[in-house]
Structure formats: C-alpha cells, structure tokens
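Read the structure below first, then the notes.
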Amino acid sequence: MNSGTYARLYGPAQPAPRSGHRGLLVAACVLWALTLGSLAWITLLVGLAALWGAAAGADAGPFVVRYVALVAGAAAALTALTLAPGIRRLSWPTRLFLTGVLVCPVTTGCALWSWAYIG
C-alpha cells in the first residue's frame, strides 16, 4: 500500500478546504431565514394561545413547557447532526445548507398549515 494513501485513510482528521461557493452560502441563508421566520410565527401563536388561556383562567404552563421542550429537543438533535464526525468534515456553508434543507420544510409546513387553519 502506498504510504500516502495509508496516511490519508488512517492519519489524523484534516478539515476540508474552504470552498469559494458563495451561492451555497446564500442558499443556506435563505433556507435559515425561512426557518427562523416560520419558527417566529409558530412561537407567536403559542404565546398568544398561552396568553388567551391564562386570561381565561386556564393553566398555560404545561402547553408552553411542551413547546419549549420540543424546540430545544429539535435544536439538540440538529446540533448533534451538525457535529457528527462525517458531517464535521464538510465546510460550514455545506453544513448550514444540509441542516437548512432538513429543517426548513418542517417548520415552514407547520407555519403554512397554522396560517391556513387560523384563516
């Protein structure tokens, strides 16, 4: 076996070289802007529902705690995915794009559904 091949396969991990692809970074920013906007809309709805429930005398604490736990769990899973060994070797724009592609349809779909349902 070639010593260079052995060193590349079993040597210490080396970060991937930086890519000069601005388009990937722009696409990742657009995906994350949609994701964060959708998450803001859903958070507003949860806050309004909790406020109306508290005004009506209902206990809104468990509802808000479940929503915060869901968002925190999703963020933890996304962080674990981003820091996984195979994904960690990718460049930052690629990682941002990958996670944006995974998260954006879920949050945007929920936001559009809630918007259509509310009316």
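Scheme for the structure tokens: letters A, B, ... for chains in order shown; per-chain residue numbers from 1; ligand numbers from 1 in order shown.
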
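By only C-alpha atoms, and with residues fewer than 4 positions from Leu31 (chain A) along its chain excluded, the set lying at most 7 Å from it is Ala27, Thr35, Gly100, Val101 and Cys104 of chain A.
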
message = Residues near Pro85 (chain A), anyone? I mean within 12 Å using only C-alpha atoms, not counting same-chain ones fewer than 4 positions away, as a list in words.
response = Ala13, Gln14, Pro15, Ala80, Leu81, Arg89, Leu90 and Arg95 of chain A

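Here CA of Leu96 (chain A) and CA of Val30 (chain A) stand 10.6 Å from one another.
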
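Of note, CA of Ser114 (chain A) and CA of Ser38 (chain A) are spaced 10.2 Å apart.
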
Long-range neighbours of Val103 (chain A) as a PDB file with all heavy atoms, in the first residue's frame, 9 Å cut-off, only C-alpha atoms, 4 positions minimum in chain:
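The new file part.pdb reads:
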ATOM      1  N   LEU A  31     -32.629  29.539   3.291  1.00  0.00           N
ATOM      2  CA  LEU A  31     -33.315  28.449   3.986  1.00  0.00           C
ATOM      3  C   LEU A  31     -33.458  28.736   5.474  1.00  0.00           C
ATOM      4  O   LEU A  31     -34.517  28.524   6.067  1.00  0.00           O
ATOM      5  CB  LEU A  31     -32.571  27.136   3.780  1.00  0.00           C
ATOM      6  CG  LEU A  31     -32.726  26.474   2.420  1.00  0.00           C
ATOM      7  CD1 LEU A  31     -31.796  25.277   2.317  1.00  0.00           C
ATOM      8  CD2 LEU A  31     -34.155  26.051   2.192  1.00  0.00           C
ATOM      9  N   TRP A  32     -32.389  29.235   6.083  1.00  0.00           N
ATOM     10  CA  TRP A  32     -32.450  29.519   7.513  1.00  0.00           C
ATOM     11  C   TRP A  32     -33.312  30.733   7.822  1.00  0.00           C
ATOM     12  O   TRP A  32     -33.932  30.808   8.886  1.00  0.00           O
ATOM     13  CB  TRP A  32     -31.049  29.659   8.096  1.00  0.00           C
ATOM     14  CG  TRP A  32     -30.507  28.306   8.432  1.00  0.00           C
ATOM     15  CD1 TRP A  32     -29.602  27.585   7.736  1.00  0.00           C
ATOM     16  CD2 TRP A  32     -30.893  27.494   9.540  1.00  0.00           C
ATOM     17  NE1 TRP A  32     -29.393  26.379   8.337  1.00  0.00           N
ATOM     18  CE2 TRP A  32     -30.169  26.293   9.448  1.00  0.00           C
ATOM     19  CE3 TRP A  32     -31.774  27.663  10.593  1.00  0.00           C
ATOM     20  CZ2 TRP A  32     -30.311  25.270  10.381  1.00  0.00           C
ATOM     21  CZ3 TRP A  32     -31.909  26.632  11.517  1.00  0.00           C
ATOM     22  CH2 TRP A  32     -31.179  25.467  11.406  1.00  0.00           C
ATOM     23  N   THR A  35     -36.732  29.341   7.817  1.00  0.00           N
ATOM     24  CA  THR A  35     -36.908  28.519   9.013  1.00  0.00           C
ATOM     25  C   THR A  35     -37.135  29.379  10.243  1.00  0.00           C
ATOM     26  O   THR A  35     -38.058  29.132  11.027  1.00  0.00           O
ATOM     27  CB  THR A  35     -35.672  27.621   9.217  1.00  0.00           C
ATOM     28  OG1 THR A  35     -35.533  26.772   8.083  1.00  0.00           O
ATOM     29  CG2 THR A  35     -35.789  26.795  10.470  1.00  0.00           C
ATOM     30  N   LEU A  78     -30.381  18.663  15.988  1.00  0.00           N
ATOM     31  CA  LEU A  78     -29.722  19.318  14.858  1.00  0.00           C
ATOM     32  C   LEU A  78     -28.259  19.610  15.163  1.00  0.00           C
ATOM     33  O   LEU A  78     -27.398  19.454  14.293  1.00  0.00           O
ATOM     34  CB  LEU A  78     -30.458  20.613  14.526  1.00  0.00           C
ATOM     35  CG  LEU A  78     -30.331  21.129  13.126  1.00  0.00           C
ATOM     36  CD1 LEU A  78     -30.860  20.113  12.144  1.00  0.00           C
ATOM     37  CD2 LEU A  78     -31.095  22.418  12.981  1.00  0.00           C
ATOM     38  N   LEU A  98     -27.102  21.821   4.521  1.00  0.00           N
ATOM     39  CA  LEU A  98     -27.639  20.498   4.836  1.00  0.00           C
ATOM     40  C   LEU A  98     -28.671  20.574   5.956  1.00  0.00           C
ATOM     41  O   LEU A  98     -29.770  20.019   5.839  1.00  0.00           O
ATOM     42  CB  LEU A  98     -26.503  19.548   5.222  1.00  0.00           C
ATOM     43  CG  LEU A  98     -26.927  18.155   5.662  1.00  0.00           C
ATOM     44  CD1 LEU A  98     -27.515  17.386   4.491  1.00  0.00           C
ATOM     45  CD2 LEU A  98     -25.762  17.420   6.262  1.00  0.00           C
ATOM     46  N   THR A  99     -28.347  21.253   7.032  1.00  0.00           N
ATOM     47  CA  THR A  99     -29.292  21.358   8.136  1.00  0.00           C
ATOM     48  C   THR A  99     -30.501  22.215   7.750  1.00  0.00           C
ATOM     49  O   THR A  99     -31.616  21.936   8.183  1.00  0.00           O
ATOM     50  CB  THR A  99     -28.605  21.926   9.385  1.00  0.00           C
ATOM     51  OG1 THR A  99     -27.974  23.170   9.062  1.00  0.00           O
ATOM     52  CG2 THR A  99     -27.580  20.953   9.934  1.00  0.00           C
ATOM     53  N   THR A 107     -40.627  23.262   9.526  1.00  0.00           N
ATOM     54  CA  THR A 107     -41.114  24.485  10.164  1.00  0.00           C
ATOM     55  C   THR A 107     -41.982  25.305   9.223  1.00  0.00           C
ATOM     56  O   THR A 107     -43.014  25.838   9.634  1.00  0.00           O
ATOM     57  CB  THR A 107     -39.945  25.345  10.663  1.00  0.00           C
ATOM     58  OG1 THR A 107     -39.079  25.630   9.570  1.00  0.00           O
ATOM     59  CG2 THR A 107     -39.187  24.646  11.764  1.00  0.00           C
ATOM     60  N   THR A 108     -41.602  25.394   7.963  1.00  0.00           N
ATOM     61  CA  THR A 108     -42.400  26.160   7.006  1.00  0.00           C
ATOM     62  C   THR A 108     -43.742  25.485   6.768  1.00  0.00           C
ATOM     63  O   THR A 108     -44.771  26.167   6.669  1.00  0.00           O
ATOM     64  CB  THR A 108     -41.626  26.332   5.685  1.00  0.00           C
ATOM     65  OG1 THR A 108     -40.357  26.911   5.969  1.00  0.00           O
ATOM     66  CG2 THR A 108     -42.372  27.216   4.724  1.00  0.00           C
TER      67      THR A 108
END

message = Which of chain A end up as helix (DSSP H, G or I) when DSSP is run on this backbone - answer as JSON, numbers by chain?
response = {"A": [3, 4, 5, 6, 7, 8, 9, 10, 22, 23, 24, 25, 26, 27, 28, 29, 30, 31, 32, 33, 34, 35, 36, 37, 38, 39, 40, 41, 42, 43, 44, 45, 46, 47, 48, 49, 50, 51, 52, 53, 54, 55, 61, 62, 63, 64, 65, 66, 67, 68, 69, 70, 71, 72, 73, 74, 75, 76, 77, 78, 79, 80, 81, 82, 85, 86, 87, 88, 92, 93, 94, 95, 96, 97, 98, 99, 100, 101, 102, 103, 104, 105, 106, 107, 108, 109, 110, 111, 112, 113, 114, 115, 116, 117, 118]}

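With only C-alpha atoms as the atoms that count, the minimum distance from Leu44 (chain A) to the choices A:Ala7, A:Ala60, A:Ala111, A:Val106 is reached by A:Ala111.
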
Straight-line distance linking CA of Ala76 (chain A) with CA of Ala50 (chain A), stated in Å to one decimal = 24.4 Å

message = From the options A:Ile87, A:Ala116, A:Val71, A:Arg8, which residue's atoms come nearest to Ala40 (chain A), counting only C-alpha atoms?
response = A:Val71

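Comparing the minimum interatomic distances between Pro105 (chain A) and each of A:Asn2, A:Leu51, A:Leu34, A:Leu24, counting only C-alpha atoms, we find that A:Leu34 sits nearest.
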